[in-house]
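Asker: Below you'll find input_11.cif; it's mmCIF, N, CA and C atoms.
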```cif
data_protein
#
loop_
_atom_site.label_atom_id
_atom_site.label_comp_id
_atom_site.auth_asym_id
_atom_site.auth_seq_id
_atom_site.Cartn_x
_atom_site.Cartn_y
_atom_site.Cartn_z
N MET X 173 44.46 -62.77 0.98
CA MET X 173 43.53 -63.88 0.85
C MET X 173 43.93 -64.76 -0.32
N ILE X 174 44.99 -64.40 -1.01
CA ILE X 174 45.37 -65.21 -2.18
C ILE X 174 45.82 -66.59 -1.73
N GLY X 175 46.64 -66.66 -0.69
CA GLY X 175 47.15 -67.95 -0.26
C GLY X 175 46.29 -68.61 0.80
N ALA X 176 45.17 -68.01 1.20
CA ALA X 176 44.34 -68.56 2.27
C ALA X 176 43.47 -69.69 1.76
N ASP X 177 43.20 -70.59 2.63
CA ASP X 177 42.32 -71.72 2.32
C ASP X 177 40.88 -71.22 2.23
N SER X 178 40.07 -71.81 1.37
CA SER X 178 38.68 -71.37 1.22
C SER X 178 37.87 -71.61 2.49
N ALA X 179 38.17 -72.63 3.26
CA ALA X 179 37.46 -72.89 4.51
C ALA X 179 37.77 -71.81 5.54
N VAL X 180 39.01 -71.36 5.58
CA VAL X 180 39.40 -70.31 6.52
C VAL X 180 38.74 -68.99 6.11
N ALA X 181 38.68 -68.70 4.81
CA ALA X 181 38.06 -67.47 4.33
C ALA X 181 36.57 -67.45 4.66
N ALA X 182 35.92 -68.61 4.63
CA ALA X 182 34.50 -68.67 4.94
C ALA X 182 34.26 -68.43 6.42
N ARG X 183 35.21 -68.78 7.27
CA ARG X 183 35.06 -68.58 8.70
C ARG X 183 35.25 -67.13 9.11
N LEU X 184 35.91 -66.32 8.28
CA LEU X 184 36.15 -64.93 8.61
C LEU X 184 34.89 -64.08 8.47
N VAL X 185 33.91 -64.53 7.71
CA VAL X 185 32.67 -63.79 7.52
C VAL X 185 31.71 -64.16 8.63
N SER X 186 31.20 -63.15 9.32
CA SER X 186 30.26 -63.43 10.41
C SER X 186 28.84 -63.53 9.86
N GLY X 187 28.02 -64.28 10.53
CA GLY X 187 26.63 -64.46 10.11
C GLY X 187 25.79 -63.24 10.46
N PRO X 188 24.59 -63.15 9.92
CA PRO X 188 23.71 -62.01 10.23
C PRO X 188 23.30 -62.04 11.70
N ALA X 189 23.18 -60.87 12.27
CA ALA X 189 22.79 -60.77 13.68
C ALA X 189 21.56 -59.88 13.81
N VAL X 190 20.71 -60.21 14.77
CA VAL X 190 19.49 -59.44 15.04
C VAL X 190 19.55 -59.00 16.49
N GLU X 191 19.24 -57.72 16.73
CA GLU X 191 19.23 -57.23 18.11
C GLU X 191 18.08 -57.84 18.89
N LEU X 192 18.24 -57.90 20.20
CA LEU X 192 17.19 -58.46 21.04
C LEU X 192 16.01 -57.51 21.19
N ARG X 193 16.30 -56.20 21.26
CA ARG X 193 15.20 -55.24 21.40
C ARG X 193 14.96 -54.55 20.06
N PRO X 194 13.72 -54.16 19.76
CA PRO X 194 13.43 -53.51 18.48
C PRO X 194 14.03 -52.12 18.41
N SER X 195 14.29 -51.67 17.21
CA SER X 195 14.84 -50.33 17.00
C SER X 195 13.75 -49.28 17.22
N LEU X 196 14.13 -48.14 17.78
CA LEU X 196 13.20 -47.05 18.03
C LEU X 196 13.61 -45.85 17.19
N PRO X 197 12.64 -45.02 16.80
CA PRO X 197 13.00 -43.81 16.04
C PRO X 197 13.72 -42.81 16.93
N ASN X 198 14.51 -41.97 16.31
CA ASN X 198 15.22 -40.91 17.03
C ASN X 198 14.23 -39.77 17.25
N ARG X 199 13.57 -39.77 18.39
CA ARG X 199 12.48 -38.82 18.64
C ARG X 199 12.92 -37.36 18.69
N PRO X 200 14.05 -37.04 19.31
CA PRO X 200 14.46 -35.62 19.29
C PRO X 200 14.71 -35.11 17.87
N LEU X 201 15.31 -35.93 17.03
CA LEU X 201 15.55 -35.52 15.64
C LEU X 201 14.22 -35.39 14.89
N LEU X 202 13.30 -36.29 15.13
CA LEU X 202 12.00 -36.23 14.48
C LEU X 202 11.23 -34.97 14.89
N LEU X 203 11.26 -34.63 16.17
CA LEU X 203 10.58 -33.42 16.64
C LEU X 203 11.24 -32.16 16.10
N ALA X 204 12.56 -32.17 15.99
CA ALA X 204 13.26 -31.01 15.44
C ALA X 204 12.92 -30.82 13.96
N MET X 205 12.83 -31.92 13.23
CA MET X 205 12.47 -31.83 11.82
C MET X 205 11.03 -31.34 11.66
N LEU X 206 10.13 -31.79 12.53
CA LEU X 206 8.75 -31.31 12.48
C LEU X 206 8.66 -29.84 12.84
N ALA X 207 9.49 -29.40 13.80
CA ALA X 207 9.47 -27.99 14.20
C ALA X 207 9.92 -27.08 13.05
N VAL X 208 10.71 -27.60 12.14
CA VAL X 208 11.14 -26.83 10.98
C VAL X 208 10.14 -26.98 9.83
N ALA X 209 9.64 -28.19 9.62
CA ALA X 209 8.81 -28.48 8.45
C ALA X 209 7.41 -27.86 8.56
N VAL X 210 6.82 -27.84 9.73
CA VAL X 210 5.44 -27.34 9.87
C VAL X 210 5.35 -25.84 9.57
N PRO X 211 6.21 -24.99 10.14
CA PRO X 211 6.12 -23.56 9.77
C PRO X 211 6.41 -23.31 8.29
N LEU X 212 7.35 -24.06 7.72
CA LEU X 212 7.63 -23.90 6.29
C LEU X 212 6.43 -24.29 5.45
N ALA X 213 5.76 -25.35 5.82
CA ALA X 213 4.57 -25.78 5.07
C ALA X 213 3.45 -24.75 5.20
N CYS X 214 3.28 -24.18 6.39
CA CYS X 214 2.25 -23.14 6.57
C CYS X 214 2.58 -21.90 5.74
N ALA X 215 3.85 -21.51 5.72
CA ALA X 215 4.24 -20.34 4.92
C ALA X 215 4.04 -20.61 3.43
N PHE X 216 4.34 -21.81 3.00
CA PHE X 216 4.14 -22.18 1.59
C PHE X 216 2.67 -22.14 1.22
N LEU X 217 1.82 -22.70 2.06
CA LEU X 217 0.38 -22.69 1.77
C LEU X 217 -0.19 -21.28 1.80
N GLY X 218 0.30 -20.46 2.73
CA GLY X 218 -0.15 -19.07 2.77
C GLY X 218 0.26 -18.31 1.52
N ALA X 219 1.49 -18.53 1.05
CA ALA X 219 1.95 -17.87 -0.17
C ALA X 219 1.14 -18.34 -1.38
N CYS X 220 0.80 -19.61 -1.40
CA CYS X 220 -0.01 -20.14 -2.51
C CYS X 220 -1.39 -19.49 -2.54
N THR X 221 -2.00 -19.32 -1.38
CA THR X 221 -3.33 -18.72 -1.37
C THR X 221 -3.27 -17.26 -1.79
N VAL X 222 -2.23 -16.54 -1.38
CA VAL X 222 -2.08 -15.14 -1.79
C VAL X 222 -1.87 -15.04 -3.29
N LEU X 223 -1.04 -15.92 -3.83
CA LEU X 223 -0.77 -15.88 -5.27
C LEU X 223 -1.97 -16.33 -6.10
N LEU X 224 -2.76 -17.24 -5.60
CA LEU X 224 -3.92 -17.73 -6.36
C LEU X 224 -5.08 -16.74 -6.35
N ARG X 225 -5.12 -15.84 -5.38
CA ARG X 225 -6.19 -14.84 -5.35
C ARG X 225 -6.07 -13.86 -6.51
N GLY X 226 -4.86 -13.56 -6.90
CA GLY X 226 -4.65 -12.62 -8.00
C GLY X 226 -4.71 -11.19 -7.52
N PRO X 227 -4.53 -10.26 -8.46
CA PRO X 227 -4.57 -8.84 -8.08
C PRO X 227 -5.99 -8.42 -7.73
N PRO X 228 -6.14 -7.42 -6.87
CA PRO X 228 -7.49 -6.95 -6.52
C PRO X 228 -8.16 -6.28 -7.72
N ARG X 229 -9.45 -6.47 -7.83
CA ARG X 229 -10.20 -5.86 -8.93
C ARG X 229 -10.49 -4.41 -8.61
N GLU X 230 -10.46 -3.57 -9.62
CA GLU X 230 -10.67 -2.14 -9.39
C GLU X 230 -12.15 -1.79 -9.22
N GLY X 231 -13.03 -2.61 -9.74
CA GLY X 231 -14.46 -2.31 -9.64
C GLY X 231 -14.99 -2.46 -8.23
N ARG X 232 -14.40 -3.29 -7.43
CA ARG X 232 -14.88 -3.53 -6.08
C ARG X 232 -13.92 -2.90 -5.09
N ARG X 233 -14.28 -1.75 -4.57
CA ARG X 233 -13.46 -1.09 -3.57
C ARG X 233 -14.20 -1.11 -2.25
N ARG X 234 -13.45 -1.28 -1.20
CA ARG X 234 -14.04 -1.25 0.13
C ARG X 234 -14.10 0.18 0.63
N ARG X 235 -15.18 0.52 1.34
CA ARG X 235 -15.34 1.87 1.85
C ARG X 235 -15.05 1.94 3.32
#
```
Mind turning the file's structure into structure tokens?
Answerer:
Amino acid sequence: MIGADSAVAARLVSGPAVELRPSLPNRPLLLAMLAVAVPLACAFLGACTVLLRGPPREGRRRR
């Protein structure tokens, strides 16, 4: 581009383009990510509830 004319260099760059139809999300990938994320979130919340309960008290025993 050192010896190229500035008008020719400007013509090599294409203008912005917009698709005619709107973009759609990748639904199979989204469902696969949800299939992994939901069980992990449930396991995390279950672990949090177990840890927040603390150790069982010795004064209260079930018969």
Asker: Using Å and a single decimal, report how far atom CA of X:Leu203 sits from atom CA of X:Leu217.
Answerer: 21.0 Å
Asker: Between atom CA of X:Val210 and atom CA of X:Leu223, what distance in Å does the model show, to one decimal?
Answerer: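 Rounded to one decimal, the two atoms are 20.0 Å apart.
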Asker: For atom N of X:Gly218 and atom CA of X:Pro200, determine how far apart the two atoms are, in Å to one decimal place.
Answerer: 26.5 Å
